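K.L.:
After the structure tokens below, expect a handful of questions from me.
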Amino acid sequence: MGATVKAPLSGQEVAKHNSRESCWIIVHGNVYDVTEFLDGGSKIILKYAGKDATAEYDPIHPPNAITDNLPPEKHLGPVDLGTVQKVEVKITDEEKARLERFKSRPPLSEILNLHDFEAIARRVMPEKAWAYYSSAADDEITLRENHAAYHRIWFRPRILRDVTHVDFSTSILGHRTSMPIYITATALGKLGHPDGELNLTRAAAKHNIIQMIPTLASCAFDEIVDNAQPGQVQFLQLYVNKDRAITKRLVQHAELRGIKGLFITVDAPQLGRREKDMRMKFEAEDPAEVSKNDKQGEVDRSQGAARAISSFIDPGLQWSDLKWFKSITKMPLILKGVQCWEDALEAYDQGMAGVVLSNHGGRQLDFAKSGVEILIEVVEKLGEKRGLSFPNEKFQLFVDGGVRRATDVLKAVALGATAVGIGRPFLYAFSSYGQEGVDAALTILHDEFEMNMRLIGARTIKEVVRGMVDASNIHTHTVAVPEDSLYRLNYEIMQSAQLRES
Ligand code: 173
């Protein structure tokens with residue numbers, strides 16, 4: 001772009017362009033004409049018409065998103081920030097109370113497990129961010145089933161093996177990792193913490209864990225890669241753009257930057273309906289603002305940030321596109337969001353390096369089965385039909401969703417998974433405690449692995465084998481044992497970490 005220096009616009013001039021007909025916004029001290037960007041999901045943009053939108057923009061878009069996506073003639077140049085009327089930020093009583101709760105977080109030493117991060121995050125995160133991260137599709141049955149499925153798998157430990165030393169490091173797509181887990185891709189990290197995804201990058205480096213960078217990170221892709229240590233392994237999760245030229249550029253740039261695996265998301269041709277998130281947007285609406293910009297009855301109760309920024313995703317993606325991906329990159333290709341053995345088999349036959357058996361954290365199709373349940377049918381059928389055994393170097397199986405304990409991971413590994421993706425727990429960890437939270441979460445998992453490897457009698461990941469689990473009930477989605485109610489009445493439920501009394 002030419003470096004023509006424009007005289008700064010005045011705040012008063014920008015403020016005039018506050019309607020559908022002409023909509024300018026300020027982001028990081030620069031003015032942009034976004035009038036042509038106002039379509040269905042534009043209510044939020046209109047709210048900032050003529051104003052400084054930086055605070056709203058930042059968590060949702062990487063810094064370069066606006067400059068990359070708006071044609072240069074819509075970049076109207078800098079504004080004299082001294083003349084811009086501040087958008088009045090009203091700190092509500094609820095927000096004040098939240099900030100107080102934030103100050104009352106217990107020290108990390110009192111956080112004992114991954115559930116604890118969630119318990120704290122729920123109390124200290126901005127309500128909207130919590131709603132976005134925690135929500136799932138429809139009735140959230142799959143969200144809960146993801147975790148519950150692990151309750152139907154039991155251990156068959158081996159004894160009297162010398163477990164003085166246990167080593168649970170392993171390889172994912174040929175890259176060493178200290179544990180059979182990776183940090184899976186989750187969008188919009190800055191909703192939870194100003195450093196967003198960088199919290200994950202830095203903690204992953206410390207613990208020798210692989211991070212999967214999301215297409216829709218809040219931080220710029222290059223910033224996330226730049227913050228990695230030399231030799232640190234990162235993967236990329238890909239949403240495929242309707243405009244394949246954009247996808248091609250992104251993929252080839254990622255490869256050039258040293259990304260070691262491309263995880264193509266295949267379970268989100270349309271974003272699922274997450275009603276907790278929707279309801280929050282609805283409640284957060286300021287009726288005065290809405291009526292100013294929208295005619296009565298035409299109010300778009302838009303599904304929030306996620307829907308608005310996901311309209312580029314191509315619902316037309318199909319099997320025949322995979323050849324094209326192979327032609328544009330040498331990175332291993334993995335399909336993320338496979339949900340039955342037939343599709344896993346097709347992925348294998350088409351030369352993929354693996355699949356993630358996943359239902360997108362329960363955020364897409366409600367009543368999709370859990371990844372760990374699908375794992376069992378995939379291992380069985382690919383064994384039967386292609387003579388494969390798992391874990392398998394050439395075609396790796398990953399699982400994600402509902403994982404909170406190292407025992408969950410060990411169950412999946414025993415059943416044939418190479419590694420397991422963990423998403424939300426790390427979001428909750430950094431939303432509550434920044435990078436240190438993610439560090440602590442990884443340390444907790446490390447300690448859990450060490451103990452549980454000993455207790456199941458496995459010295460290495462190779463020794464975590466199929467015979468160590470009984471999954472005979474995995475396909476039975478009912479509670480088999482009647483509730484023992486008298487016993488239950490006497491049983492005191494365990495408590496999560498608590499806020500300190502202030
Ligand atoms: O699960 C999600 O929220 C997700 O994957 C997504 C997709 C598009 C935009 C933002 C998030």
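Ordering of the structure tokens sets the chain letters (A, B, ...), residue numbers begin anew at 1 in every chain, and ligands are numbered from 1 in the order given.
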Neighbours of ligand 1 at 10 Å or closer, counting only C-alpha atoms and all ligand atoms: which residues, as JSON, numbers by chain?

P.N.:
{"A": [60, 132, 133, 134, 135, 136, 137, 185, 186, 187, 188, 214, 215, 216, 217, 218, 237, 239, 265, 267, 268, 269, 270, 271, 272, 273, 274, 277, 304, 305, 306, 307, 308, 309, 310, 311, 312, 313, 359, 360, 361, 362, 363, 364]}

K.L.:
I'd like the neighbourhood of Ile264 in chain A as a ChimeraX atom specification, where a residue qualifies if any of its atoms comes within 12 Å (using only C-alpha atoms), though same-chain residues fewer than 3 positions away should be ignored.

P.N.:
/A:185,212-215,235-241,247,251,261,267-269,313-314,317-319,321-322,325,331-338,347,352-356

K.L.:
Set out as a Markdown table a contact list for range 325-359 of chain A and range 371-384 of chain A with a cut-off of 10 Å, giving each residue of range 325-359 of chain A that qualifies its closest atom pair and distance in Å to one decimal, counting only C-alpha atoms, ordered by chain and rising residue number.

P.N.:
| residue | atom | partner | partner_atom | distance |
| --- | --- | --- | --- | --- |
| A:Gly337 | CA | A:Gly371 | CA | 8.8 |
| A:Val338 | CA | A:Gly371 | CA | 8.6 |
| A:Gln339 | CA | A:Ile374 | CA | 6.4 |
| A:Cys340 | CA | A:Ile374 | CA | 6.1 |
| A:Trp341 | CA | A:Val378 | CA | 4.5 |
| A:Glu342 | CA | A:Val378 | CA | 8.1 |
| A:Asp343 | CA | A:Val378 | CA | 9.2 |
| A:Ala344 | CA | A:Val378 | CA | 6.8 |
| A:Leu345 | CA | A:Leu382 | CA | 6.4 |
| A:Tyr348 | CA | A:Leu382 | CA | 8.9 |
| A:Val356 | CA | A:Gly371 | CA | 8.0 |
| A:Leu357 | CA | A:Gly371 | CA | 4.7 |
| A:Ser358 | CA | A:Gly371 | CA | 4.8 |
| A:Asn359 | CA | A:Gly371 | CA | 6.8 |

K.L.:
Generate the output file for the selected residues, C-alpha atoms, as a CSV table (one decimal), in the first residue's frame.

P.N.:
chain,number,residue,atom,x,y,z
A,337,GLY,CA,-14.9,-33.9,13.2
A,338,VAL,CA,-15.3,-37.4,11.8
A,339,GLN,CA,-18.2,-39.2,13.5
A,340,CYS,CA,-18.5,-42.7,12.1
A,341,TRP,CA,-16.3,-45.5,10.9
A,342,GLU,CA,-17.4,-45.2,7.3
A,343,ASP,CA,-16.0,-41.7,7.1
A,344,ALA,CA,-12.8,-42.7,8.9
A,345,LEU,CA,-12.3,-45.4,6.4
A,348,TYR,CA,-7.8,-43.5,5.2
A,356,VAL,CA,-10.1,-36.5,14.9
A,357,LEU,CA,-13.1,-38.3,16.2
A,358,SER,CA,-15.0,-35.3,17.5
A,359,ASN,CA,-18.3,-33.5,17.7

K.L.:
Using only C-alpha atoms, which residues sit within 7 Å of Thr201 in chain A once same-chain residues fewer than 2 positions away are excluded, as a short mmCIF file (atom, residue, chain, number, x, y, z; two decimals) with N, CA and C atoms, in the first residue's frame?

P.N.:
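File out23.cif, as written:
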data_model
loop_
_atom_site.label_atom_id
_atom_site.label_comp_id
_atom_site.auth_asym_id
_atom_site.auth_seq_id
_atom_site.Cartn_x
_atom_site.Cartn_y
_atom_site.Cartn_z
N GLU A 197 -4.71 -16.41 22.70
CA GLU A 197 -4.07 -17.71 22.39
C GLU A 197 -2.60 -17.75 22.79
N LEU A 198 -1.98 -16.59 23.00
CA LEU A 198 -0.56 -16.60 23.37
C LEU A 198 -0.33 -17.26 24.72
N ASN A 199 -1.35 -17.20 25.57
CA ASN A 199 -1.26 -17.93 26.85
C ASN A 199 -1.00 -19.41 26.60
N ALA A 203 2.58 -21.54 27.40
CA ALA A 203 2.52 -22.68 28.33
C ALA A 203 2.87 -23.97 27.60
N ALA A 204 2.43 -24.09 26.35
CA ALA A 204 2.73 -25.29 25.56
C ALA A 204 4.24 -25.45 25.41
N ALA A 205 4.93 -24.34 25.21
CA ALA A 205 6.40 -24.39 25.05
C ALA A 205 7.04 -24.93 26.32
N GLN A 211 0.36 -27.22 20.26
CA GLN A 211 -0.82 -26.34 20.20
C GLN A 211 -1.39 -26.37 18.79
N ILE A 224 1.03 -15.68 16.76
CA ILE A 224 1.03 -16.92 17.53
C ILE A 224 2.28 -17.74 17.17
N ASN A 227 5.45 -16.18 18.61
CA ASN A 227 5.61 -16.35 20.05
C ASN A 227 6.03 -17.76 20.46
N ALA A 228 6.11 -18.65 19.48
CA ALA A 228 6.57 -20.01 19.78
C ALA A 228 8.09 -20.01 19.94
#

K.L.:
Would you give me, as JSON lines, each residue of range 382-471 of chain A having an atom within 9 Å of an atom of range 117-130 of chain A, along with its shortest atom pair and that distance in Å to one decimal, using only C-alpha atoms and sorting by chain and residue number?

P.N.:
{"residue": "A:Arg424", "atom": "CA", "partner": "A:Glu118", "partner_atom": "CA", "distance": 8.5}
{"residue": "A:Pro425", "atom": "CA", "partner": "A:Glu118", "partner_atom": "CA", "distance": 6.7}
{"residue": "A:Phe426", "atom": "CA", "partner": "A:Phe117", "partner_atom": "CA", "distance": 8.4}
{"residue": "A:Leu427", "atom": "CA", "partner": "A:Ala121", "partner_atom": "CA", "distance": 8.8}
{"residue": "A:Tyr428", "atom": "CA", "partner": "A:Ala121", "partner_atom": "CA", "distance": 5.4}
{"residue": "A:Ala429", "atom": "CA", "partner": "A:Phe117", "partner_atom": "CA", "distance": 5.3}
{"residue": "A:Phe430", "atom": "CA", "partner": "A:Phe117", "partner_atom": "CA", "distance": 8.7}
{"residue": "A:Ser431", "atom": "CA", "partner": "A:Ala121", "partner_atom": "CA", "distance": 6.3}
{"residue": "A:Ser432", "atom": "CA", "partner": "A:Ala121", "partner_atom": "CA", "distance": 5.3}
{"residue": "A:Tyr433", "atom": "CA", "partner": "A:Phe117", "partner_atom": "CA", "distance": 8.8}
{"residue": "A:Gly437", "atom": "CA", "partner": "A:Phe117", "partner_atom": "CA", "distance": 8.1}
{"residue": "A:Ala441", "atom": "CA", "partner": "A:Phe117", "partner_atom": "CA", "distance": 8.3}

K.L.:
For Glu145 in chain A, find every residue with an atom within 9 Å (counting only C-alpha atoms), except residues of its own chain fewer than 4 positions away, and show them as a CSV table (one decimal) with N, CA, C and O atoms, in the first residue's frame.

P.N.:
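Contents of the output file part_10.csv:
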chain,number,residue,atom,x,y,z
A,140,GLU,N,-27.7,-29.4,24.7
A,140,GLU,CA,-26.4,-29.7,25.3
A,140,GLU,C,-26.3,-31.1,25.8
A,140,GLU,O,-25.6,-31.4,26.7
A,141,ILE,N,-27.0,-32.0,25.1
A,141,ILE,CA,-26.9,-33.4,25.5
A,141,ILE,C,-25.6,-34.0,25.1
A,141,ILE,O,-24.9,-34.6,25.9
A,149,ALA,N,-19.4,-40.3,28.7
A,149,ALA,CA,-19.0,-41.5,28.0
A,149,ALA,C,-17.8,-42.1,28.6
A,149,ALA,O,-17.7,-43.4,28.7
A,150,TYR,N,-16.9,-41.3,29.2
A,150,TYR,CA,-15.7,-41.8,29.9
A,150,TYR,C,-16.1,-42.6,31.1
A,150,TYR,O,-15.4,-43.4,31.6
A,362,GLY,N,-19.4,-30.7,21.4
A,362,GLY,CA,-20.9,-30.7,21.6
A,362,GLY,C,-21.5,-29.4,21.0
A,362,GLY,O,-22.7,-29.1,21.3
A,367,PHE,N,-26.8,-34.7,20.0
A,367,PHE,CA,-27.0,-36.2,19.8
A,367,PHE,C,-26.0,-36.8,18.9
A,367,PHE,O,-26.2,-37.9,18.4
A,369,LYS,N,-22.6,-38.7,18.7
A,369,LYS,CA,-21.9,-39.5,19.8
A,369,LYS,C,-20.6,-38.9,20.2
A,369,LYS,O,-20.0,-38.1,19.5
A,370,SER,N,-20.1,-39.4,21.4
A,370,SER,CA,-18.8,-38.9,21.8
A,370,SER,C,-17.7,-39.5,21.0
A,370,SER,O,-17.8,-40.6,20.4
A,402,GLY,N,-14.9,-33.4,26.2
A,402,GLY,CA,-15.2,-33.9,27.5
A,402,GLY,C,-14.1,-34.4,28.4
A,402,GLY,O,-14.3,-34.9,29.5
A,477,HIS,N,-26.4,-46.3,26.5
A,477,HIS,CA,-26.5,-44.9,26.9
A,477,HIS,C,-27.5,-44.8,28.0
A,477,HIS,O,-28.3,-43.8,28.1

K.L.:
From the options A:Pro391, A:Gly316, A:Pro157, A:Pro106, which residue's atoms come nearest to Ser171 in chain A, counting only C-alpha atoms?

P.N.:
A:Pro391

K.L.:
Applying 8 Å and only C-alpha atoms, which residues near range 455-467 of chain A remain after dropping the ones on its own chain fewer than 2 positions away? List them as a PyMOL selection string.

P.N.:
chain A and resi 155-163+165-170+410+413-416+451-453+469-470

K.L.:
Suppose you want the space between CA of Lys96 in chain A and CA of Ile111 in chain A; what is it in Å?

P.N.:
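Atom-to-atom, CA of Lys96 in chain A to CA of Ile111 in chain A, that is 24.3 Å.
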
K.L.:
Would you work out the distance separating CA of Ile246 in chain A from CA of Val31 in chain A, expressed in Å to one decimal?

P.N.:
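CA of Val31 in chain A lies 24.7 Å from CA of Ile246 in chain A.
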
K.L.:
Excluding same-chain residues fewer than 3 positions from Val233 in chain A, what lies within 8 Å of it counting only C-alpha atoms, as a ChimeraX atom specification?

P.N.:
/A:175,209-211,259-260

K.L.:
For the residues in that selection, give me C-alpha atoms as an mmCIF file, in the first residue's frame.

P.N.:
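Writing the result to selection-v8.cif gives the following:
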data_model
loop_
_atom_site.group_PDB
_atom_site.id
_atom_site.type_symbol
_atom_site.label_atom_id
_atom_site.label_comp_id
_atom_site.auth_asym_id
_atom_site.auth_seq_id
_atom_site.Cartn_x
_atom_site.Cartn_y
_atom_site.Cartn_z
ATOM 1 C CA HIS A 175 6.609 -35.006 16.800
ATOM 2 C CA ILE A 209 2.918 -29.835 24.292
ATOM 3 C CA ILE A 210 1.596 -29.212 20.788
ATOM 4 C CA GLN A 211 -0.819 -26.342 20.202
ATOM 5 C CA ILE A 259 3.195 -25.616 10.811
ATOM 6 C CA LYS A 260 3.404 -29.391 11.088
#

K.L.:
Extract the full set of alpha helix (DSSP H) residues from range 197-417 of chain A according to DSSP on the backbone, and format it as a ChimeraX atom specification.

P.N.:
/A:198-207,221-226,244-256,275-284,287-293,304-309,322-328,341-349,371-386,406-414

K.L.:
Please list as a PyMOL selection string every residue within 9 Å of Gly77 in chain A, counting only C-alpha atoms and excluding residues in the same chain fewer than 3 positions away.

P.N.:
chain A and resi 5-9+29-32+74

K.L.:
Let me make sure I understand: among A:Trp324, A:Ala148, A:Arg405, A:His446, which one has the smallest atom-to-atom distance to His475 in chain A if we use only C-alpha atoms?

P.N.:
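Looking only at the distances to His475 in chain A, the closest residue turns out to be A:Ala148.
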